[in-house]
Amino acid sequence: MGPLWLSLKVSFVATLLVAASGGILGFYLSRLHFRGKSFLEALMVLPMVLPPTVLGFALLYLFSRQGPLGSFLLHAFGFQLVFTWWGAVLASAVVAFPLMYLNATAAFGAVDPKLEMAARTLGKSPFYVFWTITLPLAWPTLLPGIVLSFARGLGEFGATLMVAGYIPGKTDTLPLAIFFAVANGNDSEAFVYSAVVLVFAFSVVAWVLATNRGRLFR
């Protein structure tokens, strides 16, 4: 079950990156209003609707050895991202980011600013207000975003194939392992891997719907 553990590792790291970046951007952009905000948000949510091949090609162009970002990483740090498991992390993080960002903006945007202002009038620092008031109030909506981001990263296929490739033991995540198992006529292996993904995905969606039923269906 090597692909399973690799997929879990990739998704876990990608979720950490997405939770941090999406949470921070969601917090600030839910409070800020400026010209061009809609354009910026459209760029951040774009991976949700782009075909995986288009997204994968864009990432491959940017992070390949000859690409602008890939060349910089290679020459500055001696680090190659494409065709490694870090490439799979990148692809998973990019496709999962919109889910986290949208949940974060909804979560922080729903926090009553009067509560934060009341705490500040009592002399509390912005850091204290965030960790004791803002984050606890936003957490019920943030947590499903984190869980959905993890599940989305676990199921990423198209962009991962283009950026990380299929290297057994190095980049063979579950979706890639399923595809190549079917291509090689190993249906029993594909069935096992597919069952794992199906059970996990169903469990995540059922949990998110159950814990958010009051907000989703009121």
# chains A, B, ... in the order shown; residues from 1 in each chain; ligands from 1
$ closest_atom_pairs --of "range 80-106 of chain A" --to "range 56-60 of chain A" --cutoff "10 Å" --atoms "only C-alpha atoms" --output "CSV"
residue,atom,partner,partner_atom,distance
A:Leu81,CA,A:Leu60,CA,9.6
A:Val82,CA,A:Leu60,CA,7.2
A:Phe83,CA,A:Leu60,CA,9.7
A:Gly87,CA,A:Leu59,CA,9.1
A:Leu90,CA,A:Leu59,CA,8.4
A:Ala91,CA,A:Gly56,CA,7.3
A:Val94,CA,A:Leu59,CA,9.2
A:Val95,CA,A:Gly56,CA,9.9
$ write_last_selection --atoms "N, CA and C atoms" --output "PDB file, in the first residue's frame"
ATOM      1  N   LEU A  81      11.914  20.549  -8.158  1.00  0.00           N
ATOM      2  CA  LEU A  81      10.577  20.242  -7.666  1.00  0.00           C
ATOM      3  C   LEU A  81       9.839  19.256  -8.562  1.00  0.00           C
ATOM      4  N   VAL A  82       9.934  19.430  -9.881  1.00  0.00           N
ATOM      5  CA  VAL A  82       9.181  18.551 -10.780  1.00  0.00           C
ATOM      6  C   VAL A  82       9.749  17.139 -10.742  1.00  0.00           C
ATOM      7  N   PHE A  83       8.847  16.175 -10.947  1.00  0.00           N
ATOM      8  CA  PHE A  83       9.171  14.746 -10.948  1.00  0.00           C
ATOM      9  C   PHE A  83       9.747  14.285  -9.613  1.00  0.00           C
ATOM     10  N   GLY A  87       6.639  17.773  -6.125  1.00  0.00           N
ATOM     11  CA  GLY A  87       5.806  18.192  -7.244  1.00  0.00           C
ATOM     12  C   GLY A  87       4.363  17.786  -7.025  1.00  0.00           C
ATOM     13  N   LEU A  90       2.910  20.215  -4.584  1.00  0.00           N
ATOM     14  CA  LEU A  90       2.567  21.470  -5.250  1.00  0.00           C
ATOM     15  C   LEU A  90       1.232  21.357  -5.983  1.00  0.00           C
ATOM     16  N   ALA A  91       1.070  20.303  -6.770  1.00  0.00           N
ATOM     17  CA  ALA A  91      -0.169  20.127  -7.531  1.00  0.00           C
ATOM     18  C   ALA A  91      -1.366  19.999  -6.595  1.00  0.00           C
ATOM     19  N   VAL A  94      -2.189  23.429  -4.947  1.00  0.00           N
ATOM     20  CA  VAL A  94      -2.781  24.414  -5.858  1.00  0.00           C
ATOM     21  C   VAL A  94      -4.258  24.101  -6.115  1.00  0.00           C
ATOM     22  N   VAL A  95      -4.586  22.830  -6.319  1.00  0.00           N
ATOM     23  CA  VAL A  95      -5.986  22.498  -6.611  1.00  0.00           C
ATOM     24  C   VAL A  95      -6.860  22.580  -5.360  1.00  0.00           C
TER      25      VAL A  95
END
$ closest_atom_pairs --of "range 4-54 of chain A" --to "range 150-171 of chain A" --cutoff "10 Å" --atoms "only C-alpha atoms" --output "JSON lines"
{"residue": "A:Leu4", "atom": "CA", "partner": "A:Leu154", "partner_atom": "CA", "distance": 9.2}
{"residue": "A:Leu6", "atom": "CA", "partner": "A:Thr171", "partner_atom": "CA", "distance": 7.6}
{"residue": "A:Ser7", "atom": "CA", "partner": "A:Leu154", "partner_atom": "CA", "distance": 5.9}
{"residue": "A:Leu8", "atom": "CA", "partner": "A:Leu154", "partner_atom": "CA", "distance": 6.8}
{"residue": "A:Lys9", "atom": "CA", "partner": "A:Leu154", "partner_atom": "CA", "distance": 9.2}
{"residue": "A:Val10", "atom": "CA", "partner": "A:Leu154", "partner_atom": "CA", "distance": 7.6}
{"residue": "A:Ser11", "atom": "CA", "partner": "A:Gly153", "partner_atom": "CA", "distance": 5.1}
{"residue": "A:Phe12", "atom": "CA", "partner": "A:Phe150", "partner_atom": "CA", "distance": 6.7}
{"residue": "A:Val13", "atom": "CA", "partner": "A:Phe150", "partner_atom": "CA", "distance": 9.2}
{"residue": "A:Ala14", "atom": "CA", "partner": "A:Gly153", "partner_atom": "CA", "distance": 7.0}
{"residue": "A:Thr15", "atom": "CA", "partner": "A:Phe150", "partner_atom": "CA", "distance": 5.5}
{"residue": "A:Leu16", "atom": "CA", "partner": "A:Phe150", "partner_atom": "CA", "distance": 9.0}
{"residue": "A:Val18", "atom": "CA", "partner": "A:Phe150", "partner_atom": "CA", "distance": 9.1}
{"residue": "A:Ala19", "atom": "CA", "partner": "A:Phe150", "partner_atom": "CA", "distance": 9.6}
{"residue": "A:Pro51", "atom": "CA", "partner": "A:Gly158", "partner_atom": "CA", "distance": 8.3}
{"residue": "A:Pro52", "atom": "CA", "partner": "A:Gly158", "partner_atom": "CA", "distance": 4.8}
{"residue": "A:Thr53", "atom": "CA", "partner": "A:Gly158", "partner_atom": "CA", "distance": 5.8}
{"residue": "A:Val54", "atom": "CA", "partner": "A:Ala159", "partner_atom": "CA", "distance": 7.9}
$ select_by_dssp --residues "range 13-199 of chain A" --states "alpha helix (DSSP H)" --output "PyMOL selection string"
chain A and resi 13-29+37-45+52-63+68-77+85-109+113-121+126-129+135-154+158-164+174-183+187-199
$ write_last_selection --atoms "C-alpha atoms" --output "short mmCIF file (atom, residue, chain, number, x, y, z; two decimals), in the first residue's frame"
data_model
loop_
_atom_site.label_atom_id
_atom_site.label_comp_id
_atom_site.auth_asym_id
_atom_site.auth_seq_id
_atom_site.Cartn_x
_atom_site.Cartn_y
_atom_site.Cartn_z
CA VAL A 13 1.93 18.49 3.66
CA ALA A 14 -0.21 20.15 1.00
CA THR A 15 -2.99 20.72 3.54
CA LEU A 16 -0.57 22.38 5.96
CA LEU A 17 0.52 24.77 3.20
CA VAL A 18 -3.04 25.42 2.07
CA ALA A 19 -4.42 25.90 5.59
CA ALA A 20 -1.73 28.47 6.37
CA SER A 21 -1.82 30.38 3.08
CA GLY A 22 -5.57 30.13 2.52
CA GLY A 23 -6.32 30.97 6.13
CA ILE A 24 -4.09 34.05 6.17
CA LEU A 25 -5.31 35.36 2.84
CA GLY A 26 -8.92 34.58 3.72
CA PHE A 27 -8.57 36.49 6.99
CA TYR A 28 -7.11 39.63 5.48
CA LEU A 29 -9.14 39.72 2.28
CA LYS A 37 -9.86 42.65 -5.22
CA SER A 38 -12.30 40.72 -7.40
CA PHE A 39 -9.60 40.16 -10.01
CA LEU A 40 -7.17 38.90 -7.36
CA GLU A 41 -9.76 36.55 -5.87
CA ALA A 42 -10.66 35.24 -9.33
CA LEU A 43 -7.01 34.28 -9.86
CA MET A 44 -6.89 32.45 -6.54
CA VAL A 45 -10.10 30.53 -7.18
CA PRO A 52 -6.25 19.67 -14.68
CA THR A 53 -4.13 19.45 -17.82
CA VAL A 54 -4.09 23.23 -18.21
CA LEU A 55 -3.18 23.69 -14.56
CA GLY A 56 -0.54 20.99 -14.76
CA PHE A 57 0.99 22.51 -17.87
CA ALA A 58 1.15 25.94 -16.21
CA LEU A 59 2.86 24.48 -13.13
CA LEU A 60 5.23 22.45 -15.29
CA TYR A 61 6.17 25.55 -17.27
CA LEU A 62 6.79 27.60 -14.12
CA PHE A 63 8.64 24.98 -12.08
CA PRO A 68 11.38 30.90 -14.25
CA LEU A 69 10.63 29.56 -10.77
CA GLY A 70 12.14 26.11 -11.28
CA SER A 71 15.38 27.57 -12.61
CA PHE A 72 15.60 29.89 -9.60
CA LEU A 73 15.06 27.04 -7.13
CA LEU A 74 17.63 24.89 -8.89
CA HIS A 75 20.37 27.49 -9.06
CA ALA A 76 19.72 29.16 -5.70
CA PHE A 77 19.03 26.10 -3.56
CA TRP A 85 6.97 13.97 -4.44
CA TRP A 86 7.25 17.69 -3.77
CA GLY A 87 5.81 18.19 -7.24
CA ALA A 88 2.81 16.16 -6.14
CA VAL A 89 2.56 18.37 -3.05
CA LEU A 90 2.57 21.47 -5.25
CA ALA A 91 -0.17 20.13 -7.53
CA SER A 92 -2.32 19.03 -4.59
CA ALA A 93 -1.88 22.35 -2.81
CA VAL A 94 -2.78 24.41 -5.86
CA VAL A 95 -5.99 22.50 -6.61
CA ALA A 96 -7.04 22.44 -2.94
CA PHE A 97 -6.27 26.10 -2.23
CA PRO A 98 -9.58 27.54 -3.57
CA LEU A 99 -11.59 25.34 -1.20
CA MET A 100 -9.61 26.55 1.78
CA TYR A 101 -9.65 30.16 0.71
CA LEU A 102 -13.41 30.26 0.12
CA ASN A 103 -14.08 28.63 3.49
CA ALA A 104 -11.67 30.99 5.23
CA THR A 105 -13.22 34.12 3.75
CA ALA A 106 -16.69 32.89 4.74
CA ALA A 107 -15.51 31.95 8.22
CA PHE A 108 -13.67 35.17 9.06
CA GLY A 109 -16.23 37.31 7.27
CA PRO A 113 -16.22 42.78 14.24
CA LYS A 114 -17.89 44.38 17.26
CA LEU A 115 -16.60 41.53 19.43
CA GLU A 116 -13.06 42.13 18.23
CA MET A 117 -13.37 45.89 18.72
CA ALA A 118 -14.68 45.38 22.26
CA ALA A 119 -11.64 43.29 23.13
CA ARG A 120 -9.30 45.89 21.67
CA THR A 121 -10.93 48.66 23.72
CA PRO A 126 -4.47 42.08 17.87
CA PHE A 127 -2.65 38.75 18.32
CA TYR A 128 -4.56 38.01 21.51
CA VAL A 129 -7.87 39.00 19.93
CA LEU A 135 -10.20 32.03 15.42
CA PRO A 136 -12.51 30.18 17.85
CA LEU A 137 -15.54 31.81 16.25
CA ALA A 138 -14.33 31.03 12.72
CA TRP A 139 -13.12 27.51 13.49
CA PRO A 140 -16.42 25.64 12.87
CA THR A 141 -16.30 26.83 9.25
CA LEU A 142 -12.52 26.62 8.87
CA LEU A 143 -12.30 22.97 9.92
CA PRO A 144 -14.49 21.62 7.08
CA GLY A 145 -12.39 23.66 4.65
CA ILE A 146 -9.23 22.01 5.97
CA VAL A 147 -10.76 18.54 5.77
CA LEU A 148 -12.11 19.10 2.25
CA SER A 149 -8.73 20.45 1.17
CA PHE A 150 -7.08 17.28 2.44
CA ALA A 151 -9.58 15.11 0.58
CA ARG A 152 -9.18 17.17 -2.60
CA GLY A 153 -5.42 16.85 -2.42
CA LEU A 154 -5.70 13.11 -1.90
CA GLY A 158 -4.21 15.39 -13.74
CA ALA A 159 -1.91 18.15 -12.52
CA THR A 160 0.04 15.65 -10.40
CA LEU A 161 0.73 13.43 -13.39
CA MET A 162 2.13 16.36 -15.38
CA VAL A 163 4.20 17.91 -12.58
CA ALA A 164 5.34 14.86 -10.62
CA LEU A 174 -3.26 6.68 -5.25
CA PRO A 175 -4.97 8.29 -8.27
CA LEU A 176 -1.90 7.66 -10.42
CA ALA A 177 -1.60 4.10 -9.12
CA ILE A 178 -5.25 3.45 -10.03
CA PHE A 179 -4.84 4.80 -13.55
CA PHE A 180 -1.71 2.79 -14.32
CA ALA A 181 -3.06 -0.35 -12.65
CA VAL A 182 -6.04 -0.22 -15.05
CA ALA A 183 -3.72 0.56 -17.98
CA ASP A 187 -7.96 -4.57 -12.14
CA SER A 188 -7.84 -6.12 -8.66
CA GLU A 189 -5.23 -3.61 -7.50
CA ALA A 190 -7.17 -0.76 -9.07
CA PHE A 191 -10.33 -1.97 -7.30
CA VAL A 192 -8.64 -1.95 -3.88
CA TYR A 193 -7.17 1.51 -4.35
CA SER A 194 -10.45 2.85 -5.71
CA ALA A 195 -12.36 1.42 -2.76
CA VAL A 196 -9.99 3.18 -0.35
CA VAL A 197 -10.45 6.52 -2.11
CA LEU A 198 -14.24 6.07 -2.37
CA VAL A 199 -14.69 5.22 1.32
#
$ closest_residue --among "A:Ala206, A:Val111, A:Leu122, A:Ala201" --to "Arg31 in chain A" --atoms "only C-alpha atoms"
A:Val111
